Each structure stands twice: as structure tokens, then as C-alpha cells.
$ cat model-v2.tsv   # TSV, C-alpha atoms
chain	number	residue	atom	x	y	z
A	1	MET	CA	47.98	-49.08	63.92
A	2	LEU	CA	46.51	-52.20	62.36
A	3	ALA	CA	46.54	-51.12	58.71
A	4	SER	CA	47.28	-48.17	56.45
A	5	PHE	CA	45.67	-47.26	53.14
A	6	ASP	CA	46.14	-44.53	50.54
A	7	TYR	CA	43.40	-42.17	49.33
A	8	PHE	CA	44.40	-42.90	45.74
A	9	GLN	CA	44.57	-46.68	46.23
A	10	ALA	CA	41.88	-48.79	44.53
A	11	THR	CA	38.82	-48.76	46.77
A	12	ASP	CA	38.32	-52.52	46.32
A	13	GLU	CA	41.74	-53.09	47.92
A	14	VAL	CA	40.85	-50.85	50.86
A	15	VAL	CA	37.45	-52.53	51.31
A	16	ASP	CA	39.15	-55.96	51.25
A	17	GLY	CA	41.68	-54.84	53.87
A	18	LEU	CA	39.04	-53.33	56.13
A	19	THR	CA	36.82	-56.40	55.72
A	20	THR	CA	39.68	-58.57	56.97
A	21	LEU	CA	39.91	-56.38	60.09
A	22	LEU	CA	36.26	-55.48	60.69
A	23	GLY	CA	34.08	-58.03	58.89
A	24	ALA	CA	31.84	-57.43	55.90
A	25	PRO	CA	30.56	-53.87	55.40
A	26	VAL	CA	27.00	-52.76	54.78
A	27	ASP	CA	27.05	-51.26	51.27
A	28	THR	CA	24.69	-48.55	50.03
A	29	THR	CA	24.66	-46.86	46.61
A	30	VAL	CA	23.67	-43.18	46.50
A	31	GLU	CA	22.84	-40.96	43.53
A	32	ALA	CA	24.65	-37.70	42.85
A	33	GLY	CA	23.34	-34.61	44.61
A	34	LEU	CA	23.74	-30.88	44.03
A	35	GLU	CA	27.12	-30.77	45.82
A	36	THR	CA	27.99	-34.47	46.04
A	37	PRO	CA	29.01	-37.05	43.44
A	38	ALA	CA	27.38	-40.46	43.08
A	39	ALA	CA	28.97	-42.86	45.56
A	40	THR	CA	28.92	-46.22	47.26
A	41	TYR	CA	29.04	-46.18	51.05
A	42	HIS	CA	30.88	-49.04	52.74
A	43	ASP	CA	29.89	-48.94	56.44
A	44	TRP	CA	31.43	-50.70	59.42
A	45	GLY	CA	29.55	-49.12	62.31
A	46	GLY	CA	31.24	-45.77	62.99
A	47	LEU	CA	33.54	-46.02	59.95
A	48	ARG	CA	32.27	-45.14	56.48
A	49	LEU	CA	34.44	-45.44	53.39
A	50	VAL	CA	32.86	-43.34	50.63
A	51	ASP	CA	33.74	-44.56	47.14
A	52	THR	CA	33.02	-41.60	44.89
A	53	VAL	CA	32.40	-41.38	41.16
A	54	PRO	CA	34.42	-40.23	39.18
A	55	PRO	CA	37.52	-42.29	39.97
A	56	ALA	CA	40.72	-40.84	41.43
A	57	ASP	CA	42.71	-38.20	39.60
A	58	PRO	CA	45.86	-37.70	41.70
A	59	PRO	CA	46.84	-35.45	43.30
A	60	THR	CA	43.54	-33.56	43.56
A	61	THR	CA	40.73	-36.13	43.40
A	62	PRO	CA	40.95	-39.09	45.81
A	63	GLU	CA	39.49	-42.51	45.04
A	64	HIS	CA	37.50	-42.39	48.29
A	65	PHE	CA	37.24	-40.60	51.61
A	66	VAL	CA	36.60	-41.60	55.22
A	67	ARG	CA	33.92	-40.48	57.69
A	68	LEU	CA	34.18	-41.42	61.36
A	69	THR	CA	31.00	-41.07	63.45
A	70	SER	CA	32.04	-43.24	66.40
A	71	ALA	CA	35.16	-43.93	68.45
A	72	ASP	CA	35.17	-47.54	67.23
A	73	ALA	CA	34.02	-49.86	64.45
A	74	ASN	CA	33.19	-53.42	65.46
A	75	GLY	CA	35.41	-53.07	68.54
A	76	VAL	CA	38.42	-51.53	66.73
A	77	ALA	CA	39.36	-48.05	67.99
A	78	LEU	CA	39.13	-45.25	65.40
A	79	ARG	CA	41.42	-42.24	65.72
A	80	ALA	CA	42.71	-39.43	63.53
A	81	PHE	CA	46.49	-39.18	63.15
A	82	ASP	CA	46.65	-36.73	66.09
A	83	GLY	CA	44.68	-39.00	68.45
A	84	SER	CA	41.36	-37.19	67.98
A	85	ALA	CA	38.35	-39.46	68.32
A	86	VAL	CA	34.59	-39.00	68.07
A	87	GLY	CA	33.37	-38.24	71.59
A	88	GLY	CA	36.66	-36.59	72.56
A	89	PRO	CA	37.18	-32.85	73.18
A	90	ILE	CA	36.89	-30.59	70.12
A	91	LEU	CA	38.39	-27.56	71.88
A	92	ASN	CA	41.81	-29.27	72.17
A	93	VAL	CA	42.17	-29.99	68.44
A	94	GLN	CA	44.84	-27.78	66.85
A	95	GLY	CA	44.69	-26.45	63.29
A	96	GLU	CA	42.71	-24.09	61.07
A	97	VAL	CA	39.64	-23.30	63.18
A	98	SER	CA	36.28	-21.99	62.04
A	99	GLU	CA	33.17	-21.68	64.20
A	100	TYR	CA	29.54	-21.21	63.27
A	101	THR	CA	26.07	-21.40	64.77
A	102	ASN	CA	23.70	-23.88	63.15
A	103	SER	CA	20.49	-22.05	62.19
A	104	ILE	CA	18.41	-25.22	62.68
A	105	ASP	CA	19.46	-26.34	66.17
A	106	GLY	CA	20.99	-23.04	67.42
A	107	LEU	CA	24.14	-24.81	68.61
A	108	ALA	CA	27.68	-23.50	68.17
A	109	TYR	CA	29.96	-25.78	66.17
A	110	ARG	CA	33.69	-25.83	65.52
A	111	ALA	CA	35.43	-27.22	62.46
A	112	VAL	CA	39.19	-27.76	62.61
A	113	ARG	CA	41.31	-28.67	59.59
A	114	THR	CA	44.40	-30.35	61.00
A	115	GLY	CA	47.40	-32.04	59.43
A	116	VAL	CA	47.29	-29.78	56.37
A	117	LEU	CA	49.19	-31.28	53.44
A	118	PRO	CA	49.89	-28.98	50.46
A	119	ILE	CA	49.24	-30.40	47.00
A	120	GLU	CA	49.86	-28.91	43.56
A	121	PRO	CA	48.45	-25.41	43.12
A	122	ALA	CA	45.56	-24.68	40.78
A	123	SER	CA	46.35	-23.46	37.27
A	124	ASP	CA	45.73	-19.88	38.46
A	125	GLY	CA	48.31	-20.33	41.26
A	126	THR	CA	45.76	-20.73	44.07
A	127	GLU	CA	47.16	-22.87	46.88
A	128	ARG	CA	45.39	-26.18	47.48
A	129	ASN	CA	45.69	-28.75	50.24
A	130	PHE	CA	44.18	-31.74	51.97
A	131	ALA	CA	43.69	-32.08	55.72
A	132	VAL	CA	41.73	-34.02	58.30
A	133	ALA	CA	38.49	-32.23	59.25
A	134	VAL	CA	37.47	-32.62	62.89
A	135	LEU	CA	34.01	-31.25	63.71
A	136	GLY	CA	32.13	-30.91	66.97
A	137	GLU	CA	29.84	-29.02	69.33
A	138	VAL	CA	31.50	-26.13	71.16
A	139	ASP	CA	29.37	-26.00	74.34
A	140	ALA	CA	29.53	-29.78	74.83
A	141	ASP	CA	33.25	-29.75	73.85
A	142	THR	CA	32.64	-32.95	71.89
A	143	ILE	CA	33.89	-34.22	68.53
A	144	THR	CA	30.95	-35.48	66.48
A	145	LEU	CA	32.56	-36.21	63.08
A	146	ILE	CA	35.98	-36.72	61.50
A	147	VAL	CA	36.36	-36.59	57.70
A	148	SER	CA	39.47	-37.14	55.60
A	149	PRO	CA	40.68	-36.00	53.22
A	150	SER	CA	39.22	-32.53	53.54
A	151	ALA	CA	40.09	-30.31	50.58
A	152	ASN	CA	40.35	-26.52	50.74
A	153	PHE	CA	39.02	-26.24	47.19
A	154	GLY	CA	36.04	-27.32	45.10
A	155	VAL	CA	32.40	-27.76	46.02

$ encode --input "model-v2.tsv" --output "C-alpha cells"
Amino acid sequence: MLASFDYFQATDEVVDGLTTLLGAPVDTTVEAGLETPAATYHDWGGLRLVDTVPPADPPTTPEHFVRLTSADANGVALRAFDGSAVGGPILNVQGEVSEYTNSIDGLAYRAVRTGVLPIEPASDGTERNFAVAVLGEVDADTITLIVSPSANFGV
């Protein structure tokens, strides 16, 4: 491990740390969508740090989240805590599994929430947690995306 950052840490600090390791990112600002907040994308190849608006509200709203779309970023290997990497086998990933068939491409996909970490329950007592989401194609047995944190609540 070369560095470690917190989901509630100031995004500028995380960007500075990643820039030291990976070089300057390509930054893109995006407007809010129906199910997504406004954000700034900081991209280093296969690593995207998504700085969302509004700011963090621990323990339920992180300052940013991570999307991995490649096994490396500028030559630095990218892995989830369990060793999962984009391009690796999806069928070996352990956790909360859901499968679905995409109506557009007809392919079967698997989503696995692994490393589940409980956080404070909702005011109505509903359990909430964060995890690492590992997604991939079933027939190709290939991980195509890793996202963290992945919440089990909200839109």
C-alpha cells in the first residue's frame, strides 16, 4: 500500500496525495442529475475520485467516492481491500451477491457488496452500511468496475 485516505477527509488533501503518487489529474465538473449530485471528477486513468456536492456529513455522507475502471492508474496497481481488481474474476468475489440481466446488451451481470461496515441506523431503526461494490460480467467472469463506498441506503 502506497497511501491511505479517509472518505470523510477533505477531498483537496486526497487529490494532493494522489497527485504526488500519480501525477496531475484530469478534472471535469458535472451538473446534478436525477439520481446524482453535482460533482467534480478527478481522473488518473483507471482511478476516478468523485468529489460530490454537498460536502461530507459523517457518518452517512462521504466527502467523495472512488471508481476503479482499470487494474492500474499511471502504472500504479489498483486493488480493493480483498485483492479484487478490474479484469479479475467476478465469480470469486465474496459478499452480498445480486445478479441481473441488462436489458440493453442482454448480458448477465453480478454485483457484490463486500467488506460491509455497519454505520449508525436510520432514525426509524433501519440498518445502514457502507461496503465496496465489485461489479462484472458473469459469462466472461470479469470485474468491470469497483466503487467505494457503496451505501445500502439512499438514491

$ residues_around --input "model-v2.tsv" --residues "Asp43 in chain A" --least-positions-apart "3" --cutoff "8 Å" --atoms "only C-alpha atoms" --output "PDB file with C-alpha atoms, in the frame of the given file"
ATOM      1  CA  PRO A  25      30.560 -53.870  55.400  1.00  0.00           C
ATOM      2  CA  VAL A  26      27.000 -52.760  54.780  1.00  0.00           C
ATOM      3  CA  ASP A  27      27.050 -51.260  51.270  1.00  0.00           C
ATOM      4  CA  GLY A  46      31.240 -45.770  62.990  1.00  0.00           C
ATOM      5  CA  LEU A  47      33.540 -46.020  59.950  1.00  0.00           C
ATOM      6  CA  ARG A  48      32.270 -45.140  56.480  1.00  0.00           C
ATOM      7  CA  LEU A  49      34.440 -45.440  53.390  1.00  0.00           C
TER       8      LEU A  49
END

$ residues_around --input "model-v2.tsv" --residues "range 60-67 of chain A" --least-positions-apart "2" --cutoff "9 Å" --atoms "only C-alpha atoms" --output "ChimeraX atom specification"
/A:6-11,39,46-58,69,119-120,128-130,145-151

$ residues_around --input "model-v2.tsv" --residues "range 74-79 of chain A" --least-positions-apart "5" --cutoff "10 Å" --atoms "only C-alpha atoms" --output "ChimeraX atom specification"
/A:1-2,21-23,44-47,68-69,84-86,146

$ closest_residue --input "model-v2.tsv" --among "A:Ala80, A:Ala32, A:Ala122, A:Ala73" --to "Thr19 in chain A" --atoms "only C-alpha atoms"
A:Ala73

$ residues_around --input "model-v2.tsv" --residues "Gly87 in chain A" --least-positions-apart "6" --cutoff "7 Å" --atoms "all atoms listed in the file" --output "list in words"
Ala71, Thr142, Ile143 and Thr144 of chain A

$ residues_around --input "model-v2.tsv" --residues "Ala108 in chain A" --least-positions-apart "6" --cutoff "12 Å" --atoms "all atoms listed in the file" --output "list in words"
Ile90, Ser98, Glu99, Tyr100, Thr101, Asn102, Leu135, Gly136, Glu137, Val138, Asp139, Ala140, Asp141 and Thr142 of chain A

$ atom_distance --input "model-v2.tsv" --atom1 "CA of Ala133 in chain A" --atom2 "CA of Thr114 in chain A"
6.4 Å

$ axis_aligned_box --input "model-v2.tsv" --around "range 73-86 of chain A" --padding-each-side "6 Å" --output "AutoDock Vina command-line options"
--center_x 39.9 --center_y -45.1 --center_z 65.8 --size_x 25.5 --size_y 28.7 --size_z 17.4

$ closest_residue --input "model-v2.tsv" --among "A:Ser103, A:Glu96, A:Val14, A:Ala24" --to "Ala131 in chain A" --atoms "only C-alpha atoms"
A:Glu96

$ atom_distance --input "model-v2.tsv" --atom1 "CA of Pro118 in chain A" --atom2 "CA of Val134 in chain A"
17.9 Å

$ atom_distance --input "model-v2.tsv" --atom1 "CA of Leu107 in chain A" --atom2 "CA of Val132 in chain A"
22.4 Å

$ decode --input "model-v2.tsv" --residues "range 11-141 of chain A" --atoms "C-alpha atoms" --output "compact mmCIF listing (two decimals), in the first residue's frame"
# COMPACT_ATOMS: atom_id res chain seq x y z
CA THR A 11 -11.03 15.99 -0.95
CA ASP A 12 -8.27 18.54 -1.63
CA GLU A 13 -5.98 16.58 0.70
CA VAL A 14 -6.77 13.32 -1.09
CA VAL A 15 -6.26 14.91 -4.52
CA ASP A 16 -2.90 16.32 -3.35
CA GLY A 17 -1.82 12.90 -2.06
CA LEU A 18 -2.88 11.09 -5.22
CA THR A 19 -1.23 13.76 -7.39
CA THR A 20 2.05 13.11 -5.59
CA LEU A 21 1.74 9.40 -6.46
CA LEU A 22 0.10 9.54 -9.89
CA GLY A 23 0.70 12.99 -11.37
CA ALA A 24 -1.88 15.68 -12.06
CA PRO A 25 -5.47 14.51 -12.60
CA VAL A 26 -7.81 15.46 -15.41
CA ASP A 27 -10.64 17.36 -13.71
CA THR A 28 -14.21 17.56 -15.01
CA THR A 29 -17.19 19.32 -13.40
CA VAL A 30 -20.61 17.69 -13.84
CA GLU A 31 -24.08 19.05 -13.08
CA ALA A 32 -26.52 17.26 -10.79
CA GLY A 33 -28.69 14.59 -12.37
CA LEU A 34 -31.93 12.89 -11.35
CA GLU A 35 -30.13 10.41 -9.06
CA THR A 36 -26.68 12.00 -8.78
CA PRO A 37 -25.40 15.14 -7.05
CA ALA A 38 -23.25 17.77 -8.75
CA ALA A 39 -19.62 16.66 -8.64
CA THR A 40 -16.07 17.18 -9.77
CA TYR A 41 -14.33 14.16 -11.27
CA HIS A 42 -10.60 13.85 -10.65
CA ASP A 43 -9.30 11.21 -13.09
CA TRP A 44 -5.98 9.37 -13.16
CA GLY A 45 -6.57 6.81 -15.90
CA GLY A 46 -8.50 3.94 -14.30
CA LEU A 47 -8.95 5.77 -10.97
CA ARG A 48 -11.68 8.38 -10.55
CA LEU A 49 -12.15 10.30 -7.32
CA VAL A 50 -15.66 11.79 -7.34
CA ASP A 51 -15.96 14.93 -5.20
CA THR A 52 -19.68 15.28 -4.57
CA VAL A 53 -21.77 18.26 -3.53
CA PRO A 54 -22.99 18.58 -0.75
CA PRO A 55 -19.92 18.16 1.48
CA ALA A 56 -19.44 15.27 3.90
CA ASP A 57 -21.84 14.66 6.76
CA PRO A 58 -20.28 11.80 8.76
CA PRO A 59 -21.12 9.02 9.22
CA THR A 60 -23.61 8.77 6.35
CA THR A 61 -22.45 11.15 3.60
CA PRO A 62 -18.82 10.82 2.45
CA GLU A 63 -16.80 13.72 1.08
CA HIS A 64 -16.05 11.71 -2.07
CA PHE A 65 -16.09 8.22 -3.50
CA VAL A 66 -13.81 6.13 -5.72
CA ARG A 67 -14.46 4.39 -9.05
CA LEU A 68 -11.92 1.96 -10.47
CA THR A 69 -12.27 1.09 -14.18
CA SER A 70 -8.79 -0.35 -14.73
CA ALA A 71 -6.28 -2.51 -12.88
CA ASP A 72 -3.84 0.42 -12.75
CA ALA A 73 -3.55 4.20 -12.87
CA ASN A 74 -0.40 5.61 -14.44
CA GLY A 75 1.43 2.34 -13.70
CA VAL A 76 0.28 2.01 -10.07
CA ALA A 77 -1.73 -1.16 -9.36
CA LEU A 78 -5.32 -0.59 -8.16
CA ARG A 79 -6.94 -3.17 -5.89
CA ALA A 80 -9.87 -3.38 -3.50
CA PHE A 81 -9.04 -4.36 0.09
CA ASP A 82 -9.68 -8.04 -0.74
CA GLY A 83 -7.34 -8.05 -3.76
CA SER A 84 -10.11 -7.68 -6.34
CA ALA A 85 -9.03 -5.80 -9.45
CA VAL A 86 -10.73 -4.74 -12.67
CA GLY A 87 -10.14 -7.53 -15.18
CA GLY A 88 -10.01 -10.19 -12.44
CA PRO A 89 -12.67 -12.87 -11.82
CA ILE A 90 -16.04 -11.62 -10.54
CA LEU A 91 -17.27 -15.10 -9.59
CA ASN A 92 -14.63 -15.42 -6.83
CA VAL A 93 -15.63 -12.22 -5.01
CA GLN A 94 -17.33 -12.98 -1.69
CA GLY A 95 -20.12 -10.88 -0.17
CA GLU A 96 -23.73 -9.84 -0.74
CA VAL A 97 -24.39 -11.00 -4.32
CA SER A 98 -27.07 -9.82 -6.70
CA GLU A 99 -27.33 -10.74 -10.37
CA TYR A 100 -29.30 -9.18 -13.19
CA THR A 101 -29.56 -9.21 -16.97
CA ASN A 102 -29.00 -5.88 -18.70
CA SER A 103 -31.98 -5.16 -20.97
CA ILE A 104 -29.79 -3.19 -23.41
CA ASP A 105 -26.93 -5.63 -24.06
CA GLY A 106 -28.61 -8.86 -22.85
CA LEU A 107 -25.58 -9.77 -20.71
CA ALA A 108 -25.75 -11.21 -17.20
CA TYR A 109 -24.05 -9.08 -14.56
CA ARG A 110 -23.12 -9.67 -10.93
CA ALA A 111 -22.80 -7.03 -8.23
CA VAL A 112 -21.09 -7.98 -4.98
CA ARG A 113 -21.04 -5.76 -1.89
CA THR A 114 -18.02 -6.88 0.10
CA GLY A 115 -16.39 -5.62 3.28
CA VAL A 116 -19.69 -4.43 4.72
CA LEU A 117 -19.18 -1.89 7.51
CA PRO A 118 -22.24 -1.03 9.65
CA ILE A 119 -22.85 2.65 10.37
CA GLU A 120 -25.46 4.34 12.56
CA PRO A 121 -29.02 3.20 11.86
CA ALA A 122 -31.62 5.50 10.34
CA SER A 123 -33.98 7.34 12.67
CA ASP A 124 -36.61 4.63 12.01
CA GLY A 125 -34.13 1.92 13.09
CA THR A 126 -33.32 0.71 9.57
CA GLU A 127 -29.81 -0.75 9.39
CA ARG A 128 -27.35 1.13 7.18
CA ASN A 129 -23.86 0.28 6.00
CA PHE A 130 -21.07 1.02 3.58
CA ALA A 131 -19.23 -1.59 1.50
CA VAL A 132 -17.06 -1.96 -1.57
CA ALA A 133 -19.15 -2.71 -4.68
CA VAL A 134 -17.48 -5.03 -7.18
CA LEU A 135 -19.34 -5.39 -10.48
CA GLY A 136 -18.73 -7.55 -13.52
CA GLU A 137 -19.95 -9.75 -16.36
CA VAL A 138 -20.98 -13.26 -15.32
CA ASP A 139 -20.31 -15.17 -18.56
CA ALA A 140 -16.90 -13.54 -19.05
CA ASP A 141 -16.19 -13.90 -15.29
